[in-house]
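Chemist: File coords-v4.cif follows (mmCIF, C-alpha atoms (C1' of nucleotides)):
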data_entry
loop_
_atom_site.label_atom_id
_atom_site.label_comp_id
_atom_site.auth_asym_id
_atom_site.auth_seq_id
_atom_site.Cartn_x
_atom_site.Cartn_y
_atom_site.Cartn_z
CA MET A 54 28.17 -3.95 -15.63
CA GLY A 55 28.31 -2.01 -12.41
CA GLU A 56 24.95 -1.38 -10.85
CA LEU A 57 25.48 2.35 -10.97
CA GLU A 58 26.16 2.15 -14.65
CA LYS A 59 22.87 0.39 -15.05
CA LEU A 60 21.18 3.16 -13.13
CA ARG A 61 22.92 5.82 -15.17
CA ARG A 62 21.95 4.19 -18.41
CA GLU A 63 18.31 3.75 -17.48
CA LEU A 64 17.96 7.27 -16.17
CA ARG A 65 19.63 8.63 -19.24
CA SER A 66 17.50 6.75 -21.68
CA ALA A 67 14.41 7.98 -19.90
CA GLY A 68 15.65 11.57 -19.97
CA LEU A 69 15.93 11.72 -16.19
CA ARG A 70 18.69 13.25 -14.11
CA MET A 71 21.22 11.37 -12.08
CA THR A 72 20.79 13.00 -8.71
CA PRO A 73 22.58 12.02 -5.50
CA GLN A 74 19.22 11.11 -4.04
CA ARG A 75 18.51 8.64 -6.82
CA VAL A 76 21.94 7.14 -6.58
CA GLU A 77 21.73 6.64 -2.85
CA VAL A 78 18.24 5.23 -2.87
CA TYR A 79 19.26 2.68 -5.44
CA ARG A 80 22.46 1.80 -3.62
CA GLU A 81 20.55 1.39 -0.41
CA MET A 82 18.16 -1.02 -2.09
CA ILE A 83 21.05 -3.09 -3.38
CA ARG A 84 22.91 -3.01 -0.13
CA SER A 85 19.91 -4.08 1.90
CA GLY A 86 19.66 -7.30 -0.04
CA GLY A 87 16.17 -7.78 1.35
CA HIS A 88 12.75 -6.27 0.79
CA PRO A 89 12.71 -2.98 2.63
CA GLY A 90 9.84 -0.52 2.79
CA ALA A 91 10.14 3.20 2.13
CA ALA A 92 10.80 4.04 5.76
CA GLU A 93 13.76 1.65 6.01
CA VAL A 94 15.23 2.98 2.81
CA HIS A 95 14.79 6.51 4.05
CA GLU A 96 16.56 5.73 7.27
CA GLY A 97 19.41 4.02 5.47
CA VAL A 98 19.93 6.79 2.94
CA ARG A 99 19.88 9.46 5.63
CA ARG A 100 23.23 8.29 6.84
CA ARG A 101 24.70 9.66 3.63
CA LEU A 102 22.18 12.35 2.76
CA PRO A 103 20.86 13.54 6.09
CA SER A 104 18.38 15.95 4.61
CA ILE A 105 16.68 13.67 2.09
CA SER A 106 12.93 13.74 2.49
CA LEU A 107 10.64 10.78 2.75
CA ASP A 108 8.70 12.08 -0.19
CA THR A 109 11.79 11.96 -2.34
CA VAL A 110 12.37 8.40 -1.29
CA TYR A 111 8.87 7.47 -2.34
CA ARG A 112 9.13 9.30 -5.63
CA THR A 113 12.46 7.73 -6.35
CA LEU A 114 11.41 4.21 -5.48
CA TRP A 115 8.45 4.40 -7.83
CA LYS A 116 10.57 5.94 -10.52
CA LEU A 117 13.03 3.07 -10.25
CA VAL A 118 10.14 0.64 -10.50
CA GLU A 119 9.11 2.35 -13.69
CA LEU A 120 12.63 1.97 -15.01
CA GLY A 121 12.55 -1.71 -14.23
CA LEU A 122 15.32 -1.51 -11.63
CA LEU A 123 13.05 -2.31 -8.71
CA ARG A 124 9.94 -4.37 -8.32
CA PRO A 125 7.17 -3.80 -5.78
CA LEU A 126 6.26 -6.98 -3.95
CA VAL A 127 2.96 -8.67 -3.43
CA THR A 128 1.52 -6.58 -0.69
CA THR A 129 1.15 -7.80 2.84
CA GLY A 130 -1.14 -4.99 3.85
CA ASP A 131 1.19 -3.19 6.17
CA ARG A 132 3.38 -1.24 3.80
CA ILE A 133 4.83 -1.36 0.34
CA ARG A 134 8.04 -3.30 0.00
CA PHE A 135 10.51 -3.28 -2.83
CA ASP A 136 12.91 -5.75 -4.32
CA ALA A 137 16.02 -4.91 -6.36
CA VAL A 138 15.94 -6.61 -9.75
CA LEU A 139 19.51 -7.88 -10.04
CA GLU A 140 20.21 -11.39 -11.23
CA THR A 141 16.99 -13.25 -11.82
CA HIS A 142 15.38 -14.74 -8.80
CA HIS A 143 11.95 -15.92 -7.83
CA HIS A 144 9.72 -15.62 -4.82
CA PHE A 145 8.11 -17.87 -2.30
CA VAL A 146 5.28 -15.99 -0.61
CA CYS A 147 3.85 -17.32 2.62
CA THR A 148 0.10 -16.88 2.68
CA ARG A 149 0.08 -17.01 6.43
CA CYS A 150 2.71 -14.50 7.50
CA GLY A 151 3.12 -12.67 4.21
CA ARG A 152 6.88 -13.07 4.14
CA THR A 153 8.50 -13.09 0.72
CA ILE A 154 11.54 -15.32 0.41
CA ASP A 155 13.87 -15.27 -2.59
CA PHE A 156 15.05 -18.39 -4.30
CA THR A 157 16.95 -19.07 -7.48
CA SER A 158 16.31 -21.68 -10.10
CA SER A 159 18.06 -22.16 -13.37
CA GLU A 160 15.05 -24.07 -14.66
CA LEU A 161 12.75 -21.14 -14.02
CA ASP A 162 15.09 -18.53 -15.44
CA GLY A 163 14.79 -18.44 -19.17
CA LEU A 164 11.19 -19.51 -18.90
CA ASP A 165 9.80 -18.63 -22.25
CA ILE A 166 7.05 -16.10 -22.36
CA PRO A 167 3.95 -17.36 -24.13
CA GLU A 168 2.36 -15.50 -26.97
CA ALA A 169 -0.68 -14.70 -24.81
CA ALA A 170 1.53 -12.53 -22.62
CA ARG A 171 3.61 -10.99 -25.36
CA ARG A 172 0.46 -9.82 -27.01
CA LEU A 173 -0.30 -7.61 -24.01
CA GLY A 174 2.72 -5.36 -24.33
CA SER A 175 6.48 -5.29 -24.55
CA VAL A 176 7.86 -7.78 -22.08
CA ARG A 177 10.83 -6.92 -19.96
CA ASP A 178 11.20 -9.84 -17.61
CA ALA A 179 9.29 -12.53 -15.80
CA HIS A 180 9.50 -14.31 -12.53
CA VAL A 181 7.64 -17.01 -10.71
CA GLU A 182 5.71 -16.50 -7.53
CA VAL A 183 5.18 -19.64 -5.52
CA ARG A 184 2.64 -19.50 -2.71
CA GLY A 185 2.29 -21.72 0.30
CA ILE A 186 3.01 -21.91 4.01
CA CYS A 187 6.63 -21.25 4.94
CA ASN A 188 8.51 -23.53 7.29
CA GLY A 189 8.45 -20.94 10.03
CA CYS A 190 4.66 -20.79 10.06
CA ALA A 191 4.28 -24.53 9.69
CA GLY A 192 6.38 -24.94 12.84
CA GLU A 193 4.55 -22.61 15.17
CA ARG A 194 1.09 -23.95 15.64
CA LYS A 195 -0.64 -20.62 15.96
CA THR A 196 0.32 -17.51 14.01
CA GLU A 197 -1.63 -14.38 14.68
CA LYS A 198 -2.64 -12.38 11.66
CA GLY A 199 -0.80 -9.39 13.07
CA GLU A 200 2.46 -11.05 12.15
CA ARG A 201 1.79 -10.55 8.48
CA ASP A 202 4.04 -7.56 8.99
CA GLU A 203 7.35 -9.20 9.65
CA GLU A 204 9.86 -9.83 6.95
CA GLY A 205 13.56 -10.49 6.82
CA MET B 56 -16.60 -28.24 -7.53
CA GLY B 57 -18.75 -25.20 -6.93
CA GLU B 58 -16.89 -22.17 -5.69
CA LEU B 59 -19.03 -22.03 -2.60
CA GLU B 60 -18.16 -25.61 -1.83
CA LYS B 61 -14.53 -24.67 -2.02
CA LEU B 62 -15.15 -21.83 0.40
CA ARG B 63 -17.07 -24.07 2.74
CA ARG B 64 -14.36 -26.68 2.69
CA GLU B 65 -11.56 -24.24 3.35
CA LEU B 66 -13.39 -22.50 6.13
CA ARG B 67 -14.26 -25.80 7.70
CA SER B 68 -10.77 -27.19 7.60
CA ALA B 69 -9.49 -24.03 9.22
CA GLY B 70 -12.15 -24.24 11.90
CA LEU B 71 -13.84 -21.06 10.75
CA ARG B 72 -17.53 -20.35 10.39
CA MET B 73 -19.42 -19.91 7.19
CA THR B 74 -20.97 -16.51 7.70
CA PRO B 75 -23.13 -14.64 5.19
CA GLN B 76 -20.50 -11.91 5.09
CA ARG B 77 -17.78 -14.33 4.10
CA VAL B 78 -19.96 -15.89 1.47
CA GLU B 79 -20.89 -12.59 -0.06
CA VAL B 80 -17.38 -11.19 -0.03
CA TYR B 81 -16.12 -14.26 -1.80
CA ARG B 82 -18.95 -14.24 -4.30
CA GLU B 83 -18.33 -10.61 -5.02
CA MET B 84 -14.68 -11.31 -5.73
CA ILE B 85 -15.63 -14.05 -8.14
CA ARG B 86 -18.33 -12.05 -9.78
CA SER B 87 -16.13 -9.03 -10.31
CA GLY B 88 -13.76 -11.05 -12.41
CA GLY B 89 -11.18 -8.28 -12.03
CA HIS B 90 -8.91 -7.04 -9.31
CA PRO B 91 -11.03 -4.95 -6.99
CA GLY B 92 -9.86 -3.19 -3.87
CA ALA B 93 -11.59 -3.41 -0.51
CA ALA B 94 -13.79 -0.40 -1.19
CA GLU B 95 -15.16 -1.83 -4.43
CA VAL B 96 -15.88 -5.15 -2.76
CA HIS B 97 -17.57 -3.37 0.09
CA GLU B 98 -19.76 -1.45 -2.28
CA GLY B 99 -20.66 -4.57 -4.21
CA VAL B 100 -21.48 -6.65 -1.17
CA ARG B 101 -23.64 -3.92 0.30
CA ARG B 102 -26.24 -4.57 -2.33
CA ARG B 103 -26.93 -7.84 -0.61
CA LEU B 104 -25.84 -7.08 2.92
CA PRO B 105 -26.51 -3.38 3.33
CA SER B 106 -25.11 -3.21 6.83
CA ILE B 107 -21.78 -4.92 6.27
CA SER B 108 -18.89 -2.83 7.52
CA LEU B 109 -15.72 -1.99 5.67
CA ASP B 110 -13.71 -3.49 8.49
CA THR B 111 -15.44 -6.81 8.02
CA VAL B 112 -14.63 -6.68 4.34
CA TYR B 113 -10.96 -6.15 5.10
CA ARG B 114 -10.85 -8.88 7.69
CA THR B 115 -12.60 -11.27 5.38
CA LEU B 116 -10.43 -10.51 2.37
CA TRP B 117 -7.27 -11.19 4.34
CA LYS B 118 -8.75 -14.31 5.81
CA LEU B 119 -9.54 -15.58 2.34
CA VAL B 120 -5.99 -14.80 1.30
CA GLU B 121 -4.81 -16.90 4.20
CA LEU B 122 -7.04 -19.72 3.04
CA GLY B 123 -5.54 -19.50 -0.42
CA LEU B 124 -8.80 -18.47 -2.06
CA LEU B 125 -7.64 -14.98 -2.91
CA ARG B 126 -4.29 -13.52 -3.75
CA PRO B 127 -3.19 -9.94 -3.07
CA LEU B 128 -1.62 -8.37 -6.13
CA VAL B 129 1.65 -6.63 -6.63
CA THR B 130 0.86 -3.30 -5.16
CA THR B 131 0.57 -0.16 -7.20
CA GLY B 132 0.80 2.09 -4.19
CA ASP B 133 -2.72 3.34 -4.12
CA ARG B 134 -4.60 0.53 -2.49
CA ILE B 135 -4.50 -3.20 -2.02
CA ARG B 136 -6.12 -5.20 -4.78
CA PHE B 137 -7.18 -8.80 -4.72
CA ASP B 138 -7.48 -11.54 -7.26
CA ALA B 139 -9.69 -14.62 -6.98
CA VAL B 140 -7.65 -17.80 -7.37
CA LEU B 141 -9.90 -19.80 -9.67
CA GLU B 142 -8.56 -21.65 -12.66
CA THR B 143 -4.88 -20.98 -13.03
CA HIS B 144 -3.99 -17.77 -14.69
CA HIS B 145 -0.96 -15.56 -14.83
CA HIS B 146 -0.28 -11.84 -14.73
CA PHE B 147 1.17 -9.20 -16.95
CA VAL B 148 2.08 -6.18 -14.84
CA CYS B 149 2.72 -2.88 -16.52
CA THR B 150 5.60 -1.09 -14.85
CA ARG B 151 4.38 2.22 -16.12
CA CYS B 152 0.72 2.33 -15.14
CA GLY B 153 0.72 -0.50 -12.63
CA ARG B 154 -2.18 -2.30 -14.27
CA THR B 155 -2.32 -6.05 -13.79
CA ILE B 156 -3.73 -7.98 -16.71
CA ASP B 157 -4.62 -11.67 -16.55
CA PHE B 158 -3.63 -14.13 -19.19
CA THR B 159 -3.81 -17.88 -19.45
CA SER B 160 -1.22 -20.28 -20.74
CA SER B 161 -1.31 -24.02 -20.74
CA GLU B 162 2.48 -24.07 -21.00
CA LEU B 163 2.84 -22.11 -17.79
CA ASP B 164 0.23 -24.03 -15.87
CA GLY B 165 1.73 -27.19 -14.50
CA LEU B 166 5.07 -25.51 -14.26
CA ASP B 167 6.99 -27.73 -11.97
CA ILE B 168 8.19 -26.24 -8.75
CA PRO B 169 11.91 -26.59 -8.24
CA GLU B 170 13.40 -28.14 -5.15
CA ALA B 171 14.81 -24.77 -4.09
CA ALA B 172 11.26 -23.51 -3.60
CA ARG B 173 9.81 -26.65 -2.10
CA ARG B 174 12.47 -26.55 0.54
CA LEU B 175 11.07 -23.25 1.80
CA GLY B 176 7.70 -24.58 2.87
CA SER B 177 4.63 -26.42 1.68
CA VAL B 178 3.74 -25.20 -1.77
CA ARG B 179 0.16 -24.53 -2.69
CA ASP B 180 0.34 -23.01 -6.13
CA ALA B 181 2.51 -20.94 -8.43
CA HIS B 182 1.99 -18.36 -11.09
CA VAL B 183 4.09 -16.30 -13.40
CA GLU B 184 4.35 -12.55 -13.27
CA VAL B 185 5.49 -10.99 -16.50
CA ARG B 186 6.56 -7.35 -16.36
CA GLY B 187 6.77 -4.84 -19.14
CA ILE B 188 4.98 -1.91 -20.72
CA CYS B 189 1.38 -2.58 -21.66
CA ASN B 190 0.04 -1.65 -25.06
CA GLY B 191 -2.02 1.13 -23.61
CA CYS B 192 1.02 2.88 -22.18
CA ALA B 193 3.14 2.21 -25.23
CA GLY B 194 0.53 4.01 -27.28
CA GLU B 195 0.22 7.22 -25.32
CA ARG B 196 3.54 8.96 -25.43
CA LYS B 197 3.37 10.45 -21.99
CA THR B 198 1.85 8.76 -18.97
CA GLU B 199 1.78 10.64 -15.71
CA LYS B 200 2.74 8.71 -12.63
CA GLY B 201 -0.64 9.48 -11.10
CA GLU B 202 -2.22 6.96 -13.40
CA ARG B 203 -0.61 4.10 -11.56
CA ASP B 204 -4.02 3.96 -9.90
CA GLU B 205 -6.22 2.85 -12.70
CA GLU B 206 -7.08 -0.74 -13.25
CA GLY B 207 -9.85 -2.63 -15.02
"C1'" DG C 1499 -32.62 -25.88 21.56
"C1'" DT C 1500 -28.60 -24.03 24.02
"C1'" DA C 1501 -23.98 -22.87 25.30
"C1'" DT C 1502 -20.14 -20.54 23.75
"C1'" DA C 1503 -16.50 -19.09 21.10
"C1'" DA C 1504 -16.22 -16.40 17.16
"C1'" DT C 1505 -17.79 -12.64 14.50
"C1'" DC C 1506 -19.91 -8.25 13.61
"C1'" DA C 1507 -20.93 -2.92 13.15
"C1'" DG C 1508 -19.55 1.49 13.75
"C1'" DG C 1509 -16.70 4.87 14.73
"C1'" DA C 1510 -12.30 6.32 16.38
"C1'" DA C 1511 -7.38 6.04 15.86
"C1'" DT C 1512 -3.10 5.08 13.20
"C1'" DA C 1513 0.11 5.15 9.73
"C1'" DT C 1514 1.38 5.28 5.36
"C1'" DT C 1515 1.57 7.68 1.27
"C1'" DT C 1516 0.99 11.67 -1.56
"C1'" DC C 1517 0.40 16.62 -2.47
"C1'" DC C 1518 1.98 21.45 -2.58
"C1'" DT C 1519 5.27 25.00 -3.82
"C1'" DA C 1520 9.23 27.77 -3.19
"C1'" DT C 1521 13.90 26.76 -3.78
"C1'" DC C 1522 17.63 24.51 -5.71
"C1'" DT C 1523 20.48 21.81 -9.14
"C1'" DG C 1524 22.02 18.61 -12.88
"C1'" DC C 1525 22.45 18.85 -17.59
"C1'" DT C 1526 22.99 20.71 -22.23
"C1'" DA C 1527 24.37 23.80 -25.52
"C1'" DA C 1528 27.07 27.66 -26.65
"C1'" DT D 914 33.39 26.84 -18.65
"C1'" DT D 915 29.27 28.89 -17.80
"C1'" DA D 916 24.51 30.41 -18.25
"C1'" DG D 917 19.84 29.04 -18.35
"C1'" DC D 918 16.14 26.11 -17.66
"C1'" DA D 919 13.47 22.01 -17.14
"C1'" DG D 920 13.30 19.01 -13.72
"C1'" DA D 921 14.08 17.59 -8.92
"C1'" DT D 922 14.06 18.33 -3.89
"C1'" DA D 923 12.71 19.49 1.10
"C1'" DG D 924 9.51 20.13 4.44
"C1'" DG D 925 5.37 20.21 6.22
"C1'" DA D 926 0.54 19.79 5.42
"C1'" DA D 927 -3.21 16.89 3.81
"C1'" DA D 928 -5.50 12.97 2.19
"C1'" DT D 929 -6.62 8.19 2.37
"C1'" DA D 930 -6.33 3.55 3.23
"C1'" DT D 931 -6.25 0.31 6.87
"C1'" DT D 932 -6.66 -1.38 11.48
"C1'" DC D 933 -8.12 -1.26 16.30
"C1'" DC D 934 -11.64 -1.29 19.99
"C1'" DT D 935 -16.13 -2.47 22.28
"C1'" DG D 936 -20.53 -4.04 23.28
"C1'" DA D 937 -23.87 -6.70 20.88
"C1'" DT D 938 -24.93 -10.59 17.83
"C1'" DT D 939 -24.57 -15.04 15.60
"C1'" DA D 940 -23.26 -19.55 13.68
"C1'" DT D 941 -22.07 -24.11 14.93
"C1'" DA D 942 -21.42 -28.36 17.80
"C1'" DC D 943 -23.51 -31.07 21.00
#
Rewrite the structure of this file - the entire thing - as structure tokens.
Modeler:
Amino acid sequence: MGELEKLRRELRSAGLRMTPQRVEVYREMIRSGGHPGAAEVHEGVRRRLPSISLDTVYRTLWKLVELGLLRPLVTTGDRIRFDAVLETHHHFVCTRCGRTIDFTSSELDGLDIPEAARRLGSVRDAHVEVRGICNGCAGERKTEKGERDEEG
Amino acid sequence: MGELEKLRRELRSAGLRMTPQRVEVYREMIRSGGHPGAAEVHEGVRRRLPSISLDTVYRTLWKLVELGLLRPLVTTGDRIRFDAVLETHHHFVCTRCGRTIDFTSSELDGLDIPEAARRLGSVRDAHVEVRGICNGCAGERKTEKGERDEEG
DNA sequence: GTATAATCAGGAATATTTCCTATCTGCTAA
DNA sequence: TTAGCAGATAGGAAATATTCCTGATTATAC
């Protein structure tokens, strides 16, 4: 299914409108492939919708999270970053620099959700968050805390 | 091992000092049992160290994250929340209200980390994040976005 | 004990995120 | 196809969380 169809379907089933702003924010998230923050998304979408406001970007991003199309990441303290939920993937989070790196794993997909979790609500999906020190940080001897910000 | 011993060990091996502020911030995190933000921790610690500054609380929380003793949560947009990494537990995150609920699962503990993740750096731990709609939100028909804030 | 590098308190500064509201628009039903 | 309306947007203002800066203090190794 095309990604826009997915968007259309989710918006529809939630009784929300398919506006150009919503379409472009979602497309920008997919196109970026990474974990952009609201400001990056705003900048990207402006190329197509020059007058879109930052507030709309924020509202839209959170709305898409609610619809399950995006996922906010573990915070790194600098800003909120988002991740497009496309095929299943998992995250390696570096506790030193805060970078979140995607990886895939067929073993981890299809992980079955234990009863203890299902009891808490209706489950939509699950993913694994692995924490540790990334190779980049392990290499450089000293990493200032200020670098928590960076992310690819 | 006592939690304070763990703190002492981690601080030591990182060449950091064991200050009363660090001890109390960590103890407060453990005592809270939940997912407090910096302001709550500050308030709690003040009972024992009335003059501790909010800035110190922030610095200490991030330092403890770096040491692997705390974990920042998936953001909900309002503030950064932290989780003490004690016995292994996992998270159910409600995409509607943003609440993060702990659950335990012996099946999910001891999940083995795939090569694809180990390649990215030195792994410390892993946990599963299940997403869906919590029972609370499923009950109330309408949930305003503003409620993303709340958390127990 | 003492030297010394690290940490602290407090307030100021920054930046991100959200709020407000008049205006506009996508969607549905006729 | 079009009218009507609930819902969405823009733009700037406001709130709030987070970090930075400095002189003073403190924990630890020796």
Chemist: Just say which residues the PyMOL selection byres ((chain B) within 6 of (chain A)) picks in this file, as a list in words.
Modeler: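 For this structure, the PyMOL selection byres ((chain B) within 6 of (chain A)) resolves to Glu121, Leu128, Val129, Thr130, Thr150, Arg151, Leu175, Gly176, Ser177, Val178, Arg179, Asp180, Ala181, His182, Val183, Glu184, Val185, Arg186, Gly187, Ile188, Cys189 and Asn190 of chain B.
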Chemist: Find, counting all atoms listed in the file, the residue in C:DT1519, C:DT1505, C:DT1500, C:DT1512 that gets nearest to chain B.
Modeler: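 Checking each of C:DT1519, C:DT1505, C:DT1500, C:DT1512 against chain B, counting all atoms listed in the file, the winner is C:DT1505.
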Chemist: B:Leu71, B:Leu104, B:Leu116, B:Val78: which is nearest chain C, counting only C-alpha atoms (C1' of nucleotides)?
Modeler: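 Nearest to chain C: B:Leu71.
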Chemist: At a cut-off of 8 Å, which residues of chain A touch chain C? Count all atoms listed in the file and give the answer as a PDB file with C-alpha atoms, keeping the file's coordinate frame.
Modeler:
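Wrote it out as iface14.pdb, contents follow:
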ATOM      1  CA  ARG A  70      18.690  13.250 -14.110  1.00  0.00           C
ATOM      2  CA  MET A  71      21.220  11.370 -12.080  1.00  0.00           C
ATOM      3  CA  THR A  72      20.790  13.000  -8.710  1.00  0.00           C
ATOM      4  CA  ASP A 108       8.700  12.080  -0.190  1.00  0.00           C
ATOM      5  CA  ARG A 132       3.380  -1.240   3.800  1.00  0.00           C
TER       6      ARG A 132
END
Chemist: I'd like a table as CSV: residues in chain D with an atom no more than 8 Å from chain A, each row giving the shortest atom pair and its distance in Å to one decimal, all atoms listed in the file counted, sorted by chain and rising residue number.
Modeler:
residue,atom,partner,partner_atom,distance
D:DG920,C1',A:Arg70,CA,7.9
D:DT922,C1',A:Thr109,CA,6.9
D:DA923,C1',A:Ser106,CA,5.9
D:DG924,C1',A:Ser106,CA,7.5
D:DT931,C1',A:Gly130,CA,8.0
Chemist: What is the distance between CA of Gly87 (chain A) and CA of Thr155 (chain B), in Å to one decimal?
Modeler: 24.0 Å
Chemist: Please identify all polymer residues within 10 Å of Glu77 (chain A), counting all atoms listed in the file, omitting same-chain residues fewer than 6 positions from it, and present them as a PyMOL selection string.
Modeler: chain A and resi 57+83+94-95+97-102+105+110+113
Chemist: What is the distance, in Å and to one decimal place, between CA of Ala137 (chain A) and CA of Leu124 (chain B)?
Modeler: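 Distance reported for this atom pair: 28.6 Å.
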Chemist: What does the distance from C1' of DA927 (chain D) to CA of Glu95 (chain B) come to in Å, to one decimal?
Modeler: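 One can read the C1' of DA927 (chain D) to CA of Glu95 (chain B) distance as 23.7 Å.
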